[in-house]
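Q: Next up, work38.txt (compact mmCIF, C-alpha atoms).
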# COMPACT_ATOMS: atom_id res chain seq x y z
CA MET B 1 0.00 0.00 0.00
CA ASN B 2 2.79 2.45 0.93
CA GLU B 3 4.49 1.87 -2.42
CA SER B 4 1.26 2.37 -4.39
CA VAL B 5 0.39 5.59 -2.55
CA LYS B 6 3.84 7.05 -3.27
CA LYS B 7 3.59 5.98 -6.90
CA LEU B 8 0.24 7.73 -7.27
CA ILE B 9 1.59 10.92 -5.69
CA THR B 10 4.64 10.72 -7.99
CA TYR B 11 2.34 10.26 -10.99
CA ALA B 12 0.30 13.31 -9.96
CA LEU B 13 3.46 15.42 -9.62
CA GLU B 14 4.86 14.26 -12.97
CA HIS B 15 1.59 15.14 -14.74
CA SER B 16 1.22 18.52 -12.98
CA LEU B 17 -2.02 17.54 -11.25
CA ILE B 18 -0.53 18.67 -7.91
CA LYS B 19 2.54 20.59 -6.72
CA GLU B 20 5.31 19.46 -4.39
CA SER B 21 3.83 21.53 -1.56
CA ASP B 22 0.65 19.42 -1.85
CA ARG B 23 2.46 16.11 -1.24
CA VAL B 24 1.63 15.49 2.44
CA PHE B 25 -1.91 16.83 2.17
CA MET B 26 -2.71 14.73 -0.90
CA THR B 27 -1.10 11.63 0.63
CA ASN B 28 -3.42 11.95 3.61
CA ARG B 29 -6.44 12.44 1.37
CA ILE B 30 -5.66 9.23 -0.51
CA LEU B 31 -5.16 7.34 2.78
CA GLU B 32 -8.58 8.58 3.87
CA VAL B 33 -10.26 7.34 0.68
CA ILE B 34 -8.73 3.85 0.81
CA GLY B 35 -9.35 3.44 4.54
CA ALA B 36 -5.73 3.52 5.76
CA ASP B 37 -4.81 5.24 9.03
CA SER B 38 -1.03 5.00 8.83
CA TYR B 39 1.67 5.42 6.20
CA GLU B 40 5.42 5.01 5.90
CA GLU B 41 6.82 6.60 2.77
CA PRO B 42 9.24 4.34 0.88
CA GLU B 43 12.70 5.76 0.24
CA GLU B 44 12.73 4.39 -3.31
CA GLU B 45 11.91 6.76 -6.17
CA TYR B 46 9.69 5.45 -8.95
CA GLY B 47 9.56 6.09 -12.69
CA GLU B 48 7.48 4.77 -15.61
CA ILE B 49 4.41 4.48 -13.41
CA ASN B 50 1.53 2.34 -14.69
CA LEU B 51 -1.56 4.16 -13.40
CA GLU B 52 -3.87 1.19 -13.97
CA GLU B 53 -1.68 -1.10 -11.84
CA VAL B 54 -1.33 1.48 -9.07
CA LEU B 55 -5.08 2.10 -8.85
CA SER B 56 -5.76 -1.65 -8.92
CA SER B 57 -3.38 -2.15 -6.00
CA LEU B 58 -5.00 0.65 -3.99
CA MET B 59 -8.46 -0.80 -4.64
CA ASP B 60 -7.31 -4.22 -3.46
CA TYR B 61 -6.21 -2.58 -0.22
CA ALA B 62 -9.51 -0.68 0.02
CA ALA B 63 -11.42 -3.95 -0.38
CA GLU B 64 -9.46 -5.40 2.55
CA SER B 65 -9.93 -2.28 4.71
CA GLY B 66 -13.67 -2.18 3.99
CA ALA B 67 -13.56 1.18 2.21
CA LEU B 68 -14.52 -0.58 -1.04
CA LYS B 69 -17.80 -2.27 -0.10
CA GLU B 70 -18.33 -4.38 -3.23
CA ASN B 71 -15.23 -5.66 -5.03
CA ASP B 72 -16.68 -6.11 -8.52
CA ALA B 73 -15.88 -4.37 -11.82
CA THR B 74 -18.66 -1.78 -11.53
CA HIS B 75 -17.82 -0.73 -7.97
CA ARG B 76 -14.08 -0.68 -8.75
CA ASP B 77 -14.73 1.75 -11.61
CA LEU B 78 -16.67 3.97 -9.22
CA PHE B 79 -13.94 3.71 -6.59
CA ASP B 80 -10.86 4.36 -8.71
CA THR B 81 -12.58 7.53 -9.95
CA LYS B 82 -13.07 8.54 -6.33
CA ILE B 83 -9.33 8.03 -5.71
CA MET B 84 -8.37 10.12 -8.75
CA SER B 85 -10.80 12.90 -7.80
CA VAL B 86 -8.54 13.74 -4.85
CA LEU B 87 -5.86 14.86 -7.33
CA VAL B 88 -8.05 16.90 -9.69
CA GLN B 89 -8.25 20.68 -9.47
CA ARG B 90 -11.56 22.52 -9.11
CA PRO B 91 -13.52 23.45 -12.25
CA SER B 92 -12.72 27.17 -11.88
CA GLU B 93 -8.96 26.47 -12.02
CA ILE B 94 -9.23 24.29 -15.13
CA ILE B 95 -11.48 26.81 -16.88
CA GLU B 96 -9.04 29.63 -16.04
CA LYS B 97 -6.11 27.63 -17.44
CA PHE B 98 -8.08 26.70 -20.58
CA ASN B 99 -9.14 30.31 -21.24
CA SER B 100 -5.60 31.58 -20.70
CA LEU B 101 -4.25 29.14 -23.29
CA TYR B 102 -7.17 29.87 -25.63
CA GLU B 103 -5.97 33.49 -25.83
CA GLN B 104 -2.77 32.11 -27.34
CA SER B 105 -4.58 29.69 -29.66
CA PRO B 106 -7.65 27.41 -29.55
CA GLU B 107 -5.41 24.43 -30.34
CA LYS B 108 -3.15 25.03 -27.32
CA ALA B 109 -6.24 25.14 -25.12
CA THR B 110 -7.67 21.87 -26.41
CA ASP B 111 -4.24 20.18 -26.31
CA PHE B 112 -4.03 21.03 -22.61
CA TYR B 113 -7.62 19.95 -21.92
CA TYR B 114 -7.31 16.65 -23.79
CA LYS B 115 -4.08 15.73 -21.98
CA PHE B 116 -5.64 16.75 -18.67
CA SER B 117 -8.66 14.52 -19.39
CA GLN B 118 -6.27 11.60 -19.96
CA ASP B 119 -3.95 12.35 -17.03
CA THR B 120 -6.88 12.39 -14.60
CA ASN B 121 -8.01 8.97 -15.90
CA TYR B 122 -11.33 10.41 -17.10
CA ILE B 123 -10.19 9.14 -20.49
CA ARG B 124 -8.67 5.78 -19.55
CA ARG B 125 -5.55 5.43 -21.67
CA ASP B 126 -5.09 1.79 -20.67
CA ARG B 127 -8.51 0.83 -22.03
CA ILE B 128 -8.28 2.94 -25.17
CA LYS B 129 -5.15 0.98 -26.12
CA ARG B 130 -7.24 -2.20 -26.25
CA ASP B 131 -9.55 -0.85 -28.97
CA VAL B 132 -9.29 -2.71 -32.25
CA LYS B 133 -9.25 -0.64 -35.45
CA TRP B 134 -8.69 -1.43 -39.11
CA ILE B 135 -9.54 -0.22 -42.61
CA THR B 136 -11.46 -2.35 -45.10
CA GLU B 137 -11.69 -1.66 -48.82
CA THR B 138 -15.28 -1.64 -50.12
CA GLU B 139 -16.92 -0.74 -53.42
CA TYR B 140 -17.90 2.57 -51.79
CA GLY B 141 -14.38 3.42 -50.62
CA ASP B 142 -12.29 2.65 -47.55
CA LEU B 143 -14.34 1.87 -44.45
CA ASP B 144 -12.94 2.52 -40.96
CA ILE B 145 -14.03 -0.19 -38.53
CA THR B 146 -13.60 -0.01 -34.77
CA ILE B 147 -14.32 -2.44 -31.96
CA ASN B 148 -14.50 -0.17 -28.92
CA LEU B 149 -13.32 -1.97 -25.79
CA SER B 150 -12.85 1.11 -23.60
CA LYS B 151 -16.46 1.30 -22.49
CA PRO B 152 -16.68 -1.14 -19.55
CA GLU B 153 -18.91 -4.19 -19.74
CA LYS B 154 -21.53 -4.31 -17.02
CA ASP B 155 -21.21 -6.96 -14.35
CA PRO B 156 -24.35 -9.20 -14.31
CA LYS B 157 -24.63 -8.76 -10.53
CA ALA B 158 -24.48 -5.00 -10.92
CA ILE B 159 -27.18 -5.10 -13.61
CA ALA B 160 -29.43 -7.11 -11.29
CA ALA B 161 -28.71 -4.75 -8.37
CA ALA B 162 -29.41 -1.67 -10.51
CA LYS B 163 -32.93 -2.94 -11.25
CA LEU B 164 -33.67 -2.87 -7.53
CA LEU B 165 -32.50 0.71 -7.06
CA PRO B 166 -35.07 3.53 -6.84
CA GLN B 167 -35.14 5.49 -10.08
CA SER B 168 -33.08 8.67 -9.89
CA GLY B 169 -33.61 11.66 -12.14
CA TYR B 170 -30.24 13.17 -11.27
CA PRO B 171 -28.34 13.73 -13.44
CA LYS B 172 -31.06 13.52 -16.08
CA CYS B 173 -28.64 11.93 -18.56
CA GLN B 174 -24.93 11.23 -18.96
CA LEU B 175 -24.41 14.45 -20.94
CA CYS B 176 -25.93 16.86 -18.44
CA ARG B 177 -23.88 19.60 -16.79
CA GLU B 178 -24.69 18.03 -13.42
CA ASN B 179 -22.36 15.08 -14.14
CA GLU B 180 -19.34 17.23 -13.29
CA GLY B 181 -18.06 15.91 -9.96
CA TYR B 182 -20.91 13.39 -9.53
CA ALA B 183 -19.95 10.33 -7.47
CA GLY B 184 -21.95 7.94 -9.64
CA ARG B 185 -23.92 4.84 -8.71
CA ILE B 186 -24.35 1.31 -10.02
CA ASN B 187 -26.35 2.49 -13.03
CA HIS B 188 -24.52 5.79 -13.64
CA PRO B 189 -20.75 6.31 -14.07
CA ALA B 190 -18.68 8.27 -11.56
CA ARG B 191 -17.51 11.65 -12.81
CA GLN B 192 -15.57 13.18 -9.89
CA ASN B 193 -12.53 13.50 -12.16
CA HIS B 194 -14.55 15.20 -14.92
CA ARG B 195 -14.28 18.90 -15.73
CA ILE B 196 -16.38 20.80 -18.28
CA ILE B 197 -15.39 23.90 -20.27
CA PRO B 198 -18.24 26.44 -20.63
CA VAL B 199 -18.71 27.87 -24.13
CA THR B 200 -21.28 30.22 -25.67
CA ILE B 201 -23.13 28.74 -28.64
CA ASP B 202 -25.76 30.77 -30.50
CA GLY B 203 -25.95 33.19 -27.56
CA SER B 204 -26.68 30.54 -24.93
CA PRO B 205 -24.53 28.63 -22.41
CA TRP B 206 -23.25 25.24 -23.56
CA GLY B 207 -20.62 22.81 -22.30
CA PHE B 208 -17.55 21.37 -24.04
CA GLN B 209 -15.99 18.08 -22.98
CA TYR B 210 -14.23 15.00 -24.32
CA SER B 211 -15.84 11.60 -24.61
CA PRO B 212 -14.29 9.17 -22.11
CA TYR B 213 -14.58 6.38 -24.70
CA VAL B 214 -12.88 8.11 -27.68
CA TYR B 215 -14.74 6.68 -30.67
CA TYR B 216 -12.80 9.16 -32.85
CA ASN B 217 -9.51 11.02 -32.54
CA GLU B 218 -9.89 13.65 -29.76
CA HIS B 219 -13.59 12.77 -29.68
CA CYS B 220 -15.29 15.75 -28.08
CA ILE B 221 -18.89 16.61 -27.23
CA VAL B 222 -20.68 19.96 -27.08
CA PHE B 223 -23.97 19.98 -25.18
CA ASN B 224 -26.68 22.40 -24.14
CA SER B 225 -26.51 23.49 -20.48
CA LYS B 226 -30.21 22.64 -20.25
CA HIS B 227 -31.66 19.14 -20.68
CA VAL B 228 -33.76 19.84 -23.78
CA PRO B 229 -34.64 17.69 -26.81
CA MET B 230 -32.37 17.73 -29.85
CA LYS B 231 -33.95 19.52 -32.77
CA ILE B 232 -32.77 20.28 -36.30
CA ASP B 233 -33.95 23.76 -37.25
CA GLU B 234 -32.42 27.04 -38.43
CA SER B 235 -30.64 27.60 -35.10
CA ALA B 236 -28.95 24.18 -35.35
CA PHE B 237 -26.86 25.49 -38.23
CA ARG B 238 -25.90 28.63 -36.30
CA LYS B 239 -24.77 26.37 -33.46
CA LEU B 240 -22.65 24.25 -35.80
CA PHE B 241 -20.94 27.31 -37.26
CA ASP B 242 -20.43 28.87 -33.83
CA PHE B 243 -18.56 25.76 -32.69
CA VAL B 244 -16.17 25.66 -35.65
CA LYS B 245 -15.52 29.39 -35.22
CA LEU B 246 -14.51 28.71 -31.61
CA PHE B 247 -12.45 25.64 -32.52
CA PRO B 248 -11.45 25.90 -36.20
CA HIS B 249 -9.11 22.88 -35.92
CA TYR B 250 -12.10 20.62 -35.10
CA TYR B 251 -15.21 19.67 -37.02
CA VAL B 252 -18.66 19.08 -35.56
CA GLY B 253 -21.59 16.85 -36.51
Could you write out this file's structure as structure tokens?

A:
Amino acid sequence: MNESVKKLITYALEHSLIKESDRVFMTNRILEVIGADSYEEPEEEYGEINLEEVLSSLMDYAAESGALKENDATHRDLFDTKIMSVLVQRPSEIIEKFNSLYEQSPEKATDFYYKFSQDTNYIRRDRIKRDVKWITETEYGDLDITINLSKPEKDPKAIAAAKLLPQSGYPKCQLCRENEGYAGRINHPARQNHRIIPVTIDGSPWGFQYSPYVYYNEHCIVFNSKHVPMKIDESAFRKLFDFVKLFPHYYVG
């Protein structure tokens, strides 16, 4: 456990999620989450840290300590997000950093935000690597085919348990603004490590984020700040053009 905690702190420092002056504070926060009341920092320094392995080790400890109540795939996904949330800055800080870089160029801002979304494990690099992709020649041209393995399969026990839960209307869907920082539940993913960038589209407040499952390169999503039905009308085209004006290096569908 001591080794895994130090590795996670080292990872956070290397990826600029925290600063050196945060080390003791953040160590104690992680100990709190995994249910540990003591810690002895190893003298060894670590490099080439595998985040997936470190989080897995910490969850194993949490299962033994009782902090992780159910040790199945669904609850582990909820719990490792809770661990990572300790290391993620508040929305206001991320927005400020994004806007500062945007003044230099939209591409610098999105480069920062995409890397941040990966470093915080909101976009799980380890799972994205497992995706299978190839190109097939057809009579209509080359066809890109993807088998997406990054979206976790539901555990049968979790599916059965979710049916017994009272229906919750919060957040109303997985693309609502209210997902930011949400702890999740068996039938809704945890999003404590998720941060949203506010943008103005057609004169109204919208949100900009990346998809955690990356169906396309730098797969991003822009969504209305209100939970309203999708509709194709004249304003839909203004919204499309507003987005590509804000981010001319991206395209939108």

Q: Using all atoms listed in the file, which residues sit within 9 Å of Glu52 in chain B once same-chain residues fewer than 2 positions away are excluded, as a list in words?

A: Ile49, Asn50, Val54, Leu55, Ser56, Ser57, Arg124, Arg125 and Asp126 of chain B

Q: Write out as JSON lines a residue-level contact list of range 87-146 of chain B versus range 191-209 of chain B with cut-off 6 Å: for each qualifying residue the closest pair of atoms and the distance in Å to one decimal, counting all atoms listed in the file, rows sorted by chain and residue number upward.

A:
{"residue": "B:Pro91", "atom": "CA", "partner": "B:Arg195", "partner_atom": "CA", "distance": 5.8}
{"residue": "B:Ile95", "atom": "CA", "partner": "B:Ile197", "partner_atom": "CA", "distance": 5.9}
{"residue": "B:Tyr122", "atom": "CA", "partner": "B:Asn193", "partner_atom": "CA", "distance": 5.9}

Q: Around the point (-6.1, 2.7, -22.4) in the file's coordinates, collect all residues with an atom within 12 Å, using all atoms listed in the file, and return them as a VMD selection string.

A: chain B and resid 50 to 52 118 to 119 121 to 132 148 to 152 212 to 214

Q: How far is it from CA of Glu180 in chain B to CA of Ala12 in chain B, in Å with one decimal?

A: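 According to the coordinates, CA of Glu180 in chain B and CA of Ala12 in chain B are separated by 20.3 Å.
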